[in-house]
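Coordinates as given in entry38.cif (mmCIF, C-alpha atoms and all ligand atoms):
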```cif
data_input
loop_
_atom_site.label_atom_id
_atom_site.label_comp_id
_atom_site.auth_asym_id
_atom_site.auth_seq_id
_atom_site.Cartn_x
_atom_site.Cartn_y
_atom_site.Cartn_z
CA MET A 105 0.60 -18.84 19.38
CA LYS A 106 -1.69 -21.58 20.76
CA THR A 107 -5.35 -21.10 19.97
CA GLN A 108 -8.00 -20.96 22.71
CA ASN A 109 -10.60 -22.07 20.20
CA PRO A 110 -9.41 -25.11 18.20
CA LYS A 111 -11.24 -25.78 14.94
CA THR A 112 -11.15 -28.41 12.25
CA ILE A 113 -9.92 -26.59 9.15
CA ALA A 114 -10.02 -28.18 5.67
CA ILE A 115 -7.66 -26.71 3.08
CA LEU A 116 -8.87 -27.67 -0.40
CA GLY A 117 -5.94 -27.81 -2.80
CA GLY A 118 -3.86 -27.87 0.39
CA THR A 119 -1.23 -30.02 -1.30
CA GLY A 120 0.10 -26.87 -2.97
CA LYS A 121 2.50 -24.25 -1.74
CA GLU A 122 0.14 -21.79 -0.04
CA GLY A 123 -2.08 -24.50 1.43
CA LYS A 124 0.82 -26.29 3.08
CA GLY A 125 2.07 -23.00 4.49
CA LEU A 126 -1.29 -22.30 6.11
CA ALA A 127 -1.62 -25.91 7.29
CA TYR A 128 1.78 -25.67 8.99
CA ARG A 129 0.94 -22.42 10.79
CA TRP A 130 -2.53 -23.52 11.93
CA ALA A 131 -1.38 -26.96 13.04
CA LEU A 132 1.35 -25.30 15.15
CA ALA A 133 -1.39 -23.17 16.73
CA GLY A 134 -3.33 -26.30 17.75
CA HIS A 135 -6.00 -26.53 15.07
CA SER A 136 -6.92 -29.86 13.50
CA ILE A 137 -6.03 -29.78 9.79
CA ILE A 138 -7.43 -31.73 6.86
CA ILE A 139 -5.49 -31.32 3.64
CA GLY A 140 -7.76 -31.75 0.64
CA SER A 141 -6.71 -32.94 -2.80
CA ARG A 142 -8.10 -34.52 -5.94
CA THR A 143 -6.40 -37.73 -4.81
CA VAL A 144 -6.18 -39.14 -1.31
CA GLU A 145 -2.58 -40.28 -1.96
CA LYS A 146 -1.44 -36.74 -2.71
CA ALA A 147 -3.35 -35.42 0.30
CA SER A 148 -1.70 -37.96 2.61
CA THR A 149 1.77 -37.19 1.26
CA ALA A 150 1.23 -33.47 1.84
CA ALA A 151 -0.03 -34.16 5.37
CA GLU A 152 3.17 -36.14 6.04
CA GLU A 153 5.26 -33.24 4.71
CA VAL A 154 3.53 -30.82 7.05
CA LEU A 155 3.98 -33.22 9.98
CA THR A 156 7.70 -33.45 9.19
CA LEU A 157 7.95 -29.66 9.27
CA ILE A 158 6.17 -29.52 12.63
CA GLY A 159 8.38 -32.28 14.02
CA LYS A 160 5.92 -33.64 16.57
CA PRO A 161 2.63 -35.60 16.46
CA SER A 162 -0.19 -33.25 15.40
CA PRO A 163 -3.72 -33.66 14.00
CA VAL A 164 -2.93 -33.24 10.29
CA ARG A 165 -4.71 -35.61 7.87
CA GLY A 166 -5.26 -35.89 4.13
CA MET A 167 -8.54 -36.56 2.29
CA GLU A 168 -10.20 -36.00 -1.04
CA ASN A 169 -11.55 -32.44 -1.31
CA PRO A 170 -15.31 -33.13 -0.85
CA GLN A 171 -14.82 -35.30 2.24
CA ALA A 172 -12.34 -32.80 3.68
CA ALA A 173 -14.91 -30.02 3.23
CA ARG A 174 -17.70 -32.04 4.85
CA GLU A 175 -15.66 -32.89 7.95
CA ALA A 176 -14.43 -29.35 8.62
CA ASP A 177 -15.81 -26.43 10.64
CA ILE A 178 -14.09 -23.97 8.31
CA VAL A 179 -13.12 -24.58 4.68
CA VAL A 180 -10.20 -22.82 2.98
CA LEU A 181 -9.58 -22.82 -0.78
CA THR A 182 -6.04 -22.60 -2.20
CA VAL A 183 -6.16 -23.55 -5.89
CA PRO A 184 -4.96 -21.73 -9.01
CA PHE A 185 -7.59 -19.38 -10.44
CA SER A 186 -7.85 -21.59 -13.53
CA ALA A 187 -9.37 -24.30 -11.26
CA HIS A 188 -11.44 -21.93 -9.09
CA LYS A 189 -14.85 -22.04 -10.77
CA ASP A 190 -14.90 -25.80 -11.36
CA MET A 191 -13.76 -26.51 -7.82
CA LEU A 192 -16.49 -24.28 -6.37
CA GLU A 193 -19.18 -26.07 -8.38
CA PHE A 194 -17.70 -29.43 -7.35
CA ILE A 195 -17.71 -28.81 -3.58
CA LYS A 196 -20.75 -26.50 -3.39
CA ALA A 197 -22.96 -29.02 -1.60
CA ASP A 198 -20.20 -29.93 0.88
CA VAL A 199 -19.65 -26.41 2.23
CA GLN A 200 -23.23 -25.26 2.81
CA GLY A 201 -23.67 -23.49 6.16
CA LYS A 202 -19.92 -23.03 6.65
CA ILE A 203 -17.40 -20.22 6.63
CA PHE A 204 -15.42 -20.47 3.38
CA VAL A 205 -12.05 -18.72 3.24
CA ASP A 206 -10.98 -17.96 -0.32
CA VAL A 207 -7.23 -17.39 -0.75
CA THR A 208 -7.42 -17.49 -4.55
CA VAL A 209 -5.93 -14.67 -6.57
CA PRO A 210 -7.36 -14.29 -10.10
CA LEU A 211 -3.99 -14.41 -11.83
CA VAL A 212 -4.30 -14.93 -15.57
CA PRO A 213 -0.98 -16.07 -17.09
CA PRO A 214 1.12 -14.91 -18.74
CA LYS A 215 0.42 -11.35 -17.48
CA VAL A 216 0.33 -12.11 -13.76
CA THR A 217 1.64 -8.62 -12.90
CA LYS A 218 -1.52 -7.10 -14.41
CA VAL A 219 -4.75 -7.00 -12.39
CA GLN A 220 -7.37 -9.06 -14.25
CA MET A 221 -10.60 -9.53 -12.32
CA PRO A 222 -13.42 -11.92 -13.29
CA ALA A 223 -16.84 -10.63 -14.35
CA GLU A 224 -18.21 -11.12 -10.80
CA GLY A 225 -15.75 -8.46 -9.54
CA SER A 226 -13.19 -10.66 -7.76
CA ALA A 227 -12.41 -14.31 -7.09
CA ALA A 228 -14.13 -14.07 -3.69
CA GLN A 229 -17.27 -12.58 -5.26
CA GLN A 230 -17.23 -15.39 -7.82
CA ALA A 231 -17.09 -17.85 -4.92
CA GLN A 232 -19.99 -16.15 -3.13
CA SER A 233 -22.05 -16.13 -6.30
CA ILE A 234 -21.47 -19.85 -6.98
CA LEU A 235 -21.73 -21.12 -3.38
CA GLY A 236 -24.85 -19.09 -2.54
CA GLU A 237 -26.09 -17.11 0.45
CA ASN A 238 -25.89 -20.01 2.88
CA VAL A 239 -22.08 -19.96 2.71
CA ARG A 240 -20.22 -17.09 4.36
CA VAL A 241 -17.32 -16.35 2.01
CA VAL A 242 -14.35 -14.50 3.51
CA ALA A 243 -11.28 -13.55 1.47
CA ALA A 244 -7.87 -13.53 3.18
CA PHE A 245 -4.13 -14.26 2.84
CA GLN A 246 -3.94 -13.29 -0.85
CA ASN A 247 -0.87 -11.09 -0.23
CA ILE A 248 1.12 -13.56 1.91
CA SER A 249 3.71 -15.61 0.09
CA TYR A 250 3.96 -19.31 0.92
CA GLU A 251 7.67 -18.86 1.62
CA ASN A 252 6.85 -16.51 4.48
CA LEU A 253 4.29 -18.96 5.87
CA LEU A 254 6.65 -21.94 5.70
CA SER A 255 9.57 -20.00 7.21
CA GLY A 256 7.83 -20.19 10.58
CA GLU A 257 9.28 -16.76 11.34
CA GLU A 258 7.61 -13.41 11.88
CA VAL A 259 6.10 -12.19 8.62
CA ASP A 260 6.53 -8.58 7.47
CA CYS A 261 3.08 -8.43 5.86
CA ASP A 262 -0.44 -7.71 7.11
CA VAL A 263 -3.55 -9.69 6.19
CA LEU A 264 -6.58 -7.77 4.93
CA VAL A 265 -9.80 -9.70 5.55
CA THR A 266 -12.95 -9.02 3.54
CA GLY A 267 -16.38 -10.66 3.41
CA SER A 268 -20.07 -9.85 3.63
CA ASP A 269 -20.62 -11.24 7.14
CA LYS A 270 -18.99 -9.31 10.00
CA ASP A 271 -19.02 -12.27 12.41
CA ALA A 272 -17.38 -14.49 9.79
CA ARG A 273 -14.71 -11.83 9.24
CA ALA A 274 -14.10 -11.77 13.00
CA GLU A 275 -13.70 -15.57 13.08
CA VAL A 276 -11.22 -15.45 10.22
CA LEU A 277 -9.34 -12.57 11.88
CA ALA A 278 -8.86 -14.86 14.90
CA LEU A 279 -7.47 -17.53 12.54
CA VAL A 280 -5.12 -14.93 11.05
CA GLY A 281 -3.87 -14.18 14.57
CA ASP A 282 -3.29 -17.90 15.09
CA THR A 283 -0.89 -17.92 12.13
CA GLY A 284 1.16 -15.24 13.92
CA LEU A 285 0.24 -12.57 11.37
CA PHE A 286 -1.59 -9.30 11.93
CA GLY A 287 -5.05 -9.14 10.37
CA LEU A 288 -7.29 -6.14 9.70
CA ASP A 289 -11.00 -6.06 8.96
CA ALA A 290 -11.02 -4.62 5.43
CA GLY A 291 -14.79 -4.56 5.07
CA PRO A 292 -17.31 -6.10 2.68
CA ILE A 293 -16.60 -8.66 -0.01
CA GLU A 294 -16.66 -5.96 -2.71
CA ASN A 295 -13.36 -4.70 -1.21
CA SER A 296 -11.67 -8.02 -2.01
CA VAL A 297 -10.99 -6.65 -5.50
CA VAL A 298 -8.38 -4.33 -3.99
CA VAL A 299 -6.71 -7.04 -1.90
CA GLU A 300 -6.63 -9.61 -4.69
CA GLY A 301 -5.34 -6.95 -7.09
CA LEU A 302 -2.50 -6.03 -4.73
CA THR A 303 -1.01 -9.47 -5.31
CA SER A 304 -0.33 -8.70 -8.97
CA ILE A 305 1.39 -5.49 -7.86
CA LEU A 306 3.48 -7.43 -5.31
CA ILE A 307 4.51 -9.97 -7.97
CA GLY A 308 5.70 -7.06 -10.13
CA ILE A 309 7.61 -5.59 -7.17
CA ASN A 310 9.19 -9.02 -6.49
CA LYS A 311 10.46 -9.02 -10.07
CA GLN A 312 11.81 -5.45 -9.88
CA PHE A 313 13.69 -6.07 -6.63
CA GLY A 314 14.75 -9.66 -7.29
CA VAL A 315 12.89 -10.97 -4.19
CA HIS A 316 10.21 -13.65 -3.66
CA ALA A 317 8.02 -12.33 -0.89
CA SER A 318 7.33 -8.59 -0.79
CA GLY A 319 4.33 -7.67 1.34
CA ILE A 320 2.11 -4.87 2.62
CA ARG A 321 1.91 -3.05 5.96
CA ILE A 322 -0.88 -0.75 7.17
CA THR A 323 0.67 2.23 8.95
CA GLY A 324 -0.70 4.82 11.35
CA ILE A 325 -2.48 2.38 13.67
CA SER A 326 -1.60 0.98 17.08
CA ARG A 327 -0.82 -2.73 17.10
N1 LIG A 401 1.95 -19.40 -3.69
C1 LIG A 401 1.81 -18.27 -3.00
O1 LIG A 401 2.79 -17.76 -2.41
C2 LIG A 401 0.45 -17.61 -2.90
C3 LIG A 401 0.30 -16.47 -2.11
C4 LIG A 401 -0.95 -15.89 -1.99
C5 LIG A 401 -2.04 -16.42 -2.66
N2 LIG A 401 -1.86 -17.52 -3.45
C6 LIG A 401 -3.01 -18.06 -4.16
O2 LIG A 401 -3.36 -19.28 -3.56
C7 LIG A 401 -3.80 -20.20 -4.58
C8 LIG A 401 -2.94 -21.45 -4.52
O3 LIG A 401 -1.61 -21.10 -4.81
P1 LIG A 401 -0.47 -22.21 -4.81
O4 LIG A 401 0.79 -21.52 -5.14
O5 LIG A 401 -0.57 -23.02 -3.57
O6 LIG A 401 -0.93 -23.10 -6.05
P2 LIG A 401 -0.41 -24.51 -6.57
O7 LIG A 401 0.65 -25.02 -5.64
O8 LIG A 401 -0.04 -24.34 -8.00
O9 LIG A 401 -1.71 -25.41 -6.54
C9 LIG A 401 -2.40 -25.73 -5.34
C10 LIG A 401 -3.18 -27.01 -5.54
O10 LIG A 401 -4.30 -26.79 -6.40
C11 LIG A 401 -4.74 -28.06 -6.87
N3 LIG A 401 -5.13 -27.95 -8.26
C12 LIG A 401 -4.36 -27.57 -9.31
N4 LIG A 401 -5.06 -27.61 -10.46
C13 LIG A 401 -6.30 -28.05 -10.14
C14 LIG A 401 -7.48 -28.32 -10.88
N5 LIG A 401 -7.53 -28.14 -12.21
N6 LIG A 401 -8.57 -28.77 -10.20
C15 LIG A 401 -8.52 -28.95 -8.87
N7 LIG A 401 -7.44 -28.71 -8.10
C16 LIG A 401 -6.34 -28.26 -8.74
C17 LIG A 401 -3.56 -29.03 -6.73
O11 LIG A 401 -3.93 -29.99 -5.75
P3 LIG A 401 -4.14 -31.57 -6.09
O12 LIG A 401 -3.35 -31.88 -7.33
O13 LIG A 401 -3.60 -32.22 -4.87
O14 LIG A 401 -5.60 -31.74 -6.25
C18 LIG A 401 -2.43 -28.14 -6.23
O15 LIG A 401 -1.57 -28.79 -5.32
C19 LIG A 401 -3.71 -19.45 -5.91
O16 LIG A 401 -4.94 -18.90 -6.24
C20 LIG A 401 -2.70 -18.37 -5.62
O17 LIG A 401 -2.85 -17.23 -6.45
C21 LIG A 401 -0.64 -18.14 -3.57
#
```
Turn the structure described in the file into structure tokens.
Amino acid sequence: MKTQNPKTIAILGGTGKEGKGLAYRWALAGHSIIIGSRTVEKASTAAEEVLTLIGKPSPVRGMENPQAAREADIVVLTVPFSAHKDMLEFIKADVQGKIFVDVTVPLVPPKVTKVQMPAEGSAAQQAQSILGENVRVVAAFQNISYENLLSGEEVDCDVLVTGSDKDARAEVLALVGDTGLFGLDAGPIENSVVVEGLTSILIGINKQFGVHASGIRITGISR
């Protein structure tokens, strides 16, 4: 679905699985994508991989994380939870005044099927606490497997969007729609604990059923 409102979106840690999946979907929708990495070489390689998937010239570039964050309208974070806190401190100054979409799930190996939240309440609340009030943190996409994103096909999973600022949630819900998924406003950032926790449950279900990408659907609503 082509967007009516193209943005420049930086995906920090976008060289990974989930980041590339989101980059692919948003680039297809007509957004300008900056893939962020600790090294510009890795960022450029990932950008090339996404361009190959798209198969036509598109605005997808690679940069180091801080520069990517500075140049973007909206910043997305897709790093393992073990890197979450340090990354937030590192790019704090570069994201002030922006919408910051946290995709991080606080998985703590080896028990990734067990919900283990940080002291702040959730990964998104940790992000809000570190980045400060001038950054509008929104949590989204924690339940969507990268395989579903990269398939390019319709995804049998909804996206629950949480965050303290209603307008920021609405902006991110529009970005969810641009990926071709169905998003729902799931309320304030405190509710992100439920959404992040669901991922551990889905990983457990994946194991039980021998699949890679189980998901969630909200029923009883008109779509
Ligand atoms: N994979 C999924 O299907 C999925 C689904 C939903 C949510 N998530 C969540 O999304 C996040 C990313 O998942 P992923 O599977 O994409 O992870 P990943 O592929 O393991 O890592 C993503 C990127 O994080 C960066 N990174 C790794 N360690 C770092 C460190 N110490 N400091 C700074 N950057 C570091 C790396 O980028 P550079 O080396 O280029 O810097 C790496 O390419 C996780 O929190 C995960 O729980 C994943």
Using only C-alpha atoms and all ligand atoms, tabulate the residues of chain A lying at most 9 Å from any atom of ligand LIG 401 (chain A), each with its closest atom pair and that distance in Å to one decimal, by chain and increasing residue number, as JSON lines.
```
{"residue": "A:Leu116", "atom": "CA", "partner": "A:LIG401", "partner_atom": "O10", "distance": 7.6}
{"residue": "A:Gly117", "atom": "CA", "partner": "A:LIG401", "partner_atom": "C10", "distance": 4.0}
{"residue": "A:Gly118", "atom": "CA", "partner": "A:LIG401", "partner_atom": "C10", "distance": 6.0}
{"residue": "A:Thr119", "atom": "CA", "partner": "A:LIG401", "partner_atom": "O15", "distance": 4.2}
{"residue": "A:Gly120", "atom": "CA", "partner": "A:LIG401", "partner_atom": "O7", "distance": 3.3}
{"residue": "A:Lys121", "atom": "CA", "partner": "A:LIG401", "partner_atom": "O5", "distance": 3.8}
{"residue": "A:Glu122", "atom": "CA", "partner": "A:LIG401", "partner_atom": "O5", "distance": 3.8}
{"residue": "A:Gly123", "atom": "CA", "partner": "A:LIG401", "partner_atom": "O5", "distance": 5.4}
{"residue": "A:Lys124", "atom": "CA", "partner": "A:LIG401", "partner_atom": "O5", "distance": 7.5}
{"residue": "A:Gly125", "atom": "CA", "partner": "A:LIG401", "partner_atom": "O5", "distance": 8.5}
{"residue": "A:Ile139", "atom": "CA", "partner": "A:LIG401", "partner_atom": "O13", "distance": 8.8}
{"residue": "A:Gly140", "atom": "CA", "partner": "A:LIG401", "partner_atom": "O13", "distance": 6.9}
{"residue": "A:Ser141", "atom": "CA", "partner": "A:LIG401", "partner_atom": "O13", "distance": 3.8}
{"residue": "A:Arg142", "atom": "CA", "partner": "A:LIG401", "partner_atom": "O14", "distance": 3.8}
{"residue": "A:Thr143", "atom": "CA", "partner": "A:LIG401", "partner_atom": "O13", "distance": 6.2}
{"residue": "A:Val144", "atom": "CA", "partner": "A:LIG401", "partner_atom": "O13", "distance": 8.2}
{"residue": "A:Glu145", "atom": "CA", "partner": "A:LIG401", "partner_atom": "O13", "distance": 8.6}
{"residue": "A:Lys146", "atom": "CA", "partner": "A:LIG401", "partner_atom": "O13", "distance": 5.5}
{"residue": "A:Ala147", "atom": "CA", "partner": "A:LIG401", "partner_atom": "O13", "distance": 6.1}
{"residue": "A:Ala150", "atom": "CA", "partner": "A:LIG401", "partner_atom": "O13", "distance": 8.4}
{"residue": "A:Glu168", "atom": "CA", "partner": "A:LIG401", "partner_atom": "O14", "distance": 8.2}
{"residue": "A:Asn169", "atom": "CA", "partner": "A:LIG401", "partner_atom": "O14", "distance": 7.8}
{"residue": "A:Leu181", "atom": "CA", "partner": "A:LIG401", "partner_atom": "C7", "distance": 7.4}
{"residue": "A:Thr182", "atom": "CA", "partner": "A:LIG401", "partner_atom": "C8", "distance": 4.0}
{"residue": "A:Val183", "atom": "CA", "partner": "A:LIG401", "partner_atom": "O10", "distance": 3.8}
{"residue": "A:Pro184", "atom": "CA", "partner": "A:LIG401", "partner_atom": "O16", "distance": 4.0}
{"residue": "A:Phe185", "atom": "CA", "partner": "A:LIG401", "partner_atom": "O16", "distance": 5.0}
{"residue": "A:Ser186", "atom": "CA", "partner": "A:LIG401", "partner_atom": "N5", "distance": 6.7}
{"residue": "A:Ala187", "atom": "CA", "partner": "A:LIG401", "partner_atom": "N5", "distance": 4.4}
{"residue": "A:His188", "atom": "CA", "partner": "A:LIG401", "partner_atom": "N6", "distance": 7.5}
{"residue": "A:Asp190", "atom": "CA", "partner": "A:LIG401", "partner_atom": "N6", "distance": 7.1}
{"residue": "A:Met191", "atom": "CA", "partner": "A:LIG401", "partner_atom": "C15", "distance": 5.9}
{"residue": "A:Asp206", "atom": "CA", "partner": "A:LIG401", "partner_atom": "O2", "distance": 8.4}
{"residue": "A:Val207", "atom": "CA", "partner": "A:LIG401", "partner_atom": "O2", "distance": 5.1}
{"residue": "A:Thr208", "atom": "CA", "partner": "A:LIG401", "partner_atom": "O16", "distance": 3.3}
{"residue": "A:Val209", "atom": "CA", "partner": "A:LIG401", "partner_atom": "O17", "distance": 4.0}
{"residue": "A:Pro210", "atom": "CA", "partner": "A:LIG401", "partner_atom": "O16", "distance": 6.5}
{"residue": "A:Leu211", "atom": "CA", "partner": "A:LIG401", "partner_atom": "O17", "distance": 6.2}
{"residue": "A:Ala227", "atom": "CA", "partner": "A:LIG401", "partner_atom": "O16", "distance": 8.8}
{"residue": "A:Ala244", "atom": "CA", "partner": "A:LIG401", "partner_atom": "C5", "distance": 8.7}
{"residue": "A:Phe245", "atom": "CA", "partner": "A:LIG401", "partner_atom": "C4", "distance": 6.0}
{"residue": "A:Gln246", "atom": "CA", "partner": "A:LIG401", "partner_atom": "C5", "distance": 4.1}
{"residue": "A:Asn247", "atom": "CA", "partner": "A:LIG401", "partner_atom": "C4", "distance": 5.1}
{"residue": "A:Ile248", "atom": "CA", "partner": "A:LIG401", "partner_atom": "C4", "distance": 5.0}
{"residue": "A:Ser249", "atom": "CA", "partner": "A:LIG401", "partner_atom": "O1", "distance": 3.4}
{"residue": "A:Tyr250", "atom": "CA", "partner": "A:LIG401", "partner_atom": "O1", "distance": 3.9}
{"residue": "A:Glu251", "atom": "CA", "partner": "A:LIG401", "partner_atom": "O1", "distance": 6.4}
{"residue": "A:Asn252", "atom": "CA", "partner": "A:LIG401", "partner_atom": "O1", "distance": 8.1}
{"residue": "A:Leu253", "atom": "CA", "partner": "A:LIG401", "partner_atom": "O1", "distance": 8.5}
{"residue": "A:Glu300", "atom": "CA", "partner": "A:LIG401", "partner_atom": "C5", "distance": 8.5}
{"residue": "A:Thr303", "atom": "CA", "partner": "A:LIG401", "partner_atom": "C4", "distance": 7.2}
{"residue": "A:His316", "atom": "CA", "partner": "A:LIG401", "partner_atom": "O1", "distance": 8.6}
{"residue": "A:Ala317", "atom": "CA", "partner": "A:LIG401", "partner_atom": "O1", "distance": 7.7}
```
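Candidate residues A:Ala272, A:Leu264, A:Leu279, A:Val180 were compared for distance to A:Ser296, and the nearest is A:Leu264, using only C-alpha atoms.
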Task: Near-A:Ser268 list (12 Å; all atoms listed in the file; drop same-chain fewer than 4 positions) as number ranges by chain - done: A: 203-205, 228-229, 232-233, 237-243, 272-274, 289-296
- [ ] Can you work out which one of A:Ile325, A:Val298, A:Ala114, A:Ile320 has the shortest atom-to-atom distance to A:Leu285, counting only C-alpha atoms?
- [x]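 Closest candidate: A:Ile320.
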TODO: May I ask which of the residues A:Ala151, A:Val299, A:Ala127, A:Leu192 is the closest one to A:Val265, counting only C-alpha atoms?
DONE: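 Nearest candidate to A:Val265 out of A:Ala151, A:Val299, A:Ala127, A:Leu192: A:Val299.
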Task: Two-atom distance - atom CA of A:Ile113, atom CA of A:His135 (Å) - done: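 Atom CA of A:His135 lies 7.1 Å from atom CA of A:Ile113.
For the choices A:Ala231, A:Leu302, A:Leu254, A:Lys111, the atom-to-atom distance to A:Glu153 is smallest for A:Leu254 when using all atoms listed in the file.
A straight line drawn from atom CA of A:Pro110 to atom CA of A:Glu275 is 11.6 Å long.
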Open item on the list: So that I can check the surroundings of stretch 158-161 of chain A, please list as number ranges by chain every protein, DNA and RNA residue that reaches within 7 Å of it, counting all atoms listed in the file and ignoring chain neighbours fewer than 4 positions away.
Closed with: A: 128, 132, 154
Open item on the list: Could you check the closest approach to A:Gly201 for each of A:Met167, A:Ile305, A:Leu235, A:Met221 and tell me which residue wins, using all atoms listed in the file?
Closed with: A:Leu235
Task: Pairwise distance for atom CA of A:Ile307 and atom CA of A:Pro213, rounded to one decimal in Å - done: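 Atom CA of A:Ile307 sits 12.3 Å away from atom CA of A:Pro213.
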Add whatever atoms are absent from stretch 270-277 of chain A to reach all heavy atoms, and provide the output as a PDB file, keeping the file's coordinate frame.
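What ended up in out11.pdb:
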```
ATOM      1  N   LYS A 270     -19.954  -9.865   9.037  1.00  0.00           N
ATOM      2  CA  LYS A 270     -18.990  -9.310  10.000  1.00  0.00           C
ATOM      3  C   LYS A 270     -18.500 -10.378  10.973  1.00  0.00           C
ATOM      4  O   LYS A 270     -17.311 -10.434  11.317  1.00  0.00           O
ATOM      5  CB  LYS A 270     -19.662  -8.162  10.757  1.00  0.00           C
ATOM      6  CG  LYS A 270     -18.685  -7.293  11.490  1.00  0.00           C
ATOM      7  CD  LYS A 270     -19.295  -5.958  11.897  1.00  0.00           C
ATOM      8  CE  LYS A 270     -18.179  -5.054  12.379  1.00  0.00           C
ATOM      9  NZ  LYS A 270     -18.252  -4.609  13.703  1.00  0.00           N
ATOM     10  N   ASP A 271     -19.423 -11.232  11.444  1.00  0.00           N
ATOM     11  CA  ASP A 271     -19.020 -12.270  12.410  1.00  0.00           C
ATOM     12  C   ASP A 271     -18.048 -13.253  11.763  1.00  0.00           C
ATOM     13  O   ASP A 271     -17.110 -13.728  12.401  1.00  0.00           O
ATOM     14  CB  ASP A 271     -20.247 -13.033  12.930  1.00  0.00           C
ATOM     15  CG  ASP A 271     -21.140 -12.133  13.767  1.00  0.00           C
ATOM     16  OD1 ASP A 271     -20.637 -11.097  14.250  1.00  0.00           O
ATOM     17  OD2 ASP A 271     -22.334 -12.458  13.917  1.00  0.00           O
ATOM     18  N   ALA A 272     -18.293 -13.575  10.500  1.00  0.00           N
ATOM     19  CA  ALA A 272     -17.380 -14.490   9.790  1.00  0.00           C
ATOM     20  C   ALA A 272     -16.006 -13.838   9.630  1.00  0.00           C
ATOM     21  O   ALA A 272     -14.968 -14.491   9.797  1.00  0.00           O
ATOM     22  CB  ALA A 272     -17.959 -14.864   8.428  1.00  0.00           C
ATOM     23  N   ARG A 273     -16.011 -12.540   9.340  1.00  0.00           N
ATOM     24  CA  ARG A 273     -14.710 -11.830   9.240  1.00  0.00           C
ATOM     25  C   ARG A 273     -13.983 -11.899  10.578  1.00  0.00           C
ATOM     26  O   ARG A 273     -12.770 -12.129  10.618  1.00  0.00           O
ATOM     27  CB  ARG A 273     -14.923 -10.359   8.833  1.00  0.00           C
ATOM     28  CG  ARG A 273     -15.442 -10.149   7.437  1.00  0.00           C
ATOM     29  CD  ARG A 273     -15.148  -8.736   6.913  1.00  0.00           C
ATOM     30  NE  ARG A 273     -15.665  -7.646   7.707  1.00  0.00           N
ATOM     31  CZ  ARG A 273     -16.864  -7.058   7.562  1.00  0.00           C
ATOM     32  NH1 ARG A 273     -17.689  -7.481   6.609  1.00  0.00           N
ATOM     33  NH2 ARG A 273     -17.234  -6.052   8.328  1.00  0.00           N
ATOM     34  N   ALA A 274     -14.732 -11.726  11.669  1.00  0.00           N
ATOM     35  CA  ALA A 274     -14.100 -11.770  13.000  1.00  0.00           C
ATOM     36  C   ALA A 274     -13.516 -13.160  13.270  1.00  0.00           C
ATOM     37  O   ALA A 274     -12.412 -13.285  13.819  1.00  0.00           O
ATOM     38  CB  ALA A 274     -15.133 -11.400  14.064  1.00  0.00           C
ATOM     39  N   GLU A 275     -14.231 -14.198  12.864  1.00  0.00           N
ATOM     40  CA  GLU A 275     -13.700 -15.570  13.080  1.00  0.00           C
ATOM     41  C   GLU A 275     -12.424 -15.781  12.296  1.00  0.00           C
ATOM     42  O   GLU A 275     -11.472 -16.403  12.764  1.00  0.00           O
ATOM     43  CB  GLU A 275     -14.749 -16.619  12.660  1.00  0.00           C
ATOM     44  CG  GLU A 275     -15.781 -16.874  13.732  1.00  0.00           C
ATOM     45  CD  GLU A 275     -16.372 -18.282  13.652  1.00  0.00           C
ATOM     46  OE1 GLU A 275     -15.616 -19.269  13.491  1.00  0.00           O
ATOM     47  OE2 GLU A 275     -17.605 -18.386  13.736  1.00  0.00           O
ATOM     48  N   VAL A 276     -12.409 -15.264  11.064  1.00  0.00           N
ATOM     49  CA  VAL A 276     -11.220 -15.450  10.220  1.00  0.00           C
ATOM     50  C   VAL A 276     -10.069 -14.583  10.751  1.00  0.00           C
ATOM     51  O   VAL A 276      -8.905 -14.998  10.723  1.00  0.00           O
ATOM     52  CB  VAL A 276     -11.536 -15.172   8.736  1.00  0.00           C
ATOM     53  CG1 VAL A 276     -10.283 -15.226   7.888  1.00  0.00           C
ATOM     54  CG2 VAL A 276     -12.567 -16.182   8.242  1.00  0.00           C
ATOM     55  N   LEU A 277     -10.397 -13.403  11.281  1.00  0.00           N
ATOM     56  CA  LEU A 277      -9.340 -12.570  11.880  1.00  0.00           C
ATOM     57  C   LEU A 277      -8.675 -13.308  13.048  1.00  0.00           C
ATOM     58  O   LEU A 277      -7.458 -13.213  13.233  1.00  0.00           O
ATOM     59  CB  LEU A 277      -9.917 -11.232  12.347  1.00  0.00           C
ATOM     60  CG  LEU A 277     -10.101 -10.196  11.237  1.00  0.00           C
ATOM     61  CD1 LEU A 277     -11.001  -9.055  11.674  1.00  0.00           C
ATOM     62  CD2 LEU A 277      -8.742  -9.655  10.772  1.00  0.00           C
TER      63      LEU A 277
END
```
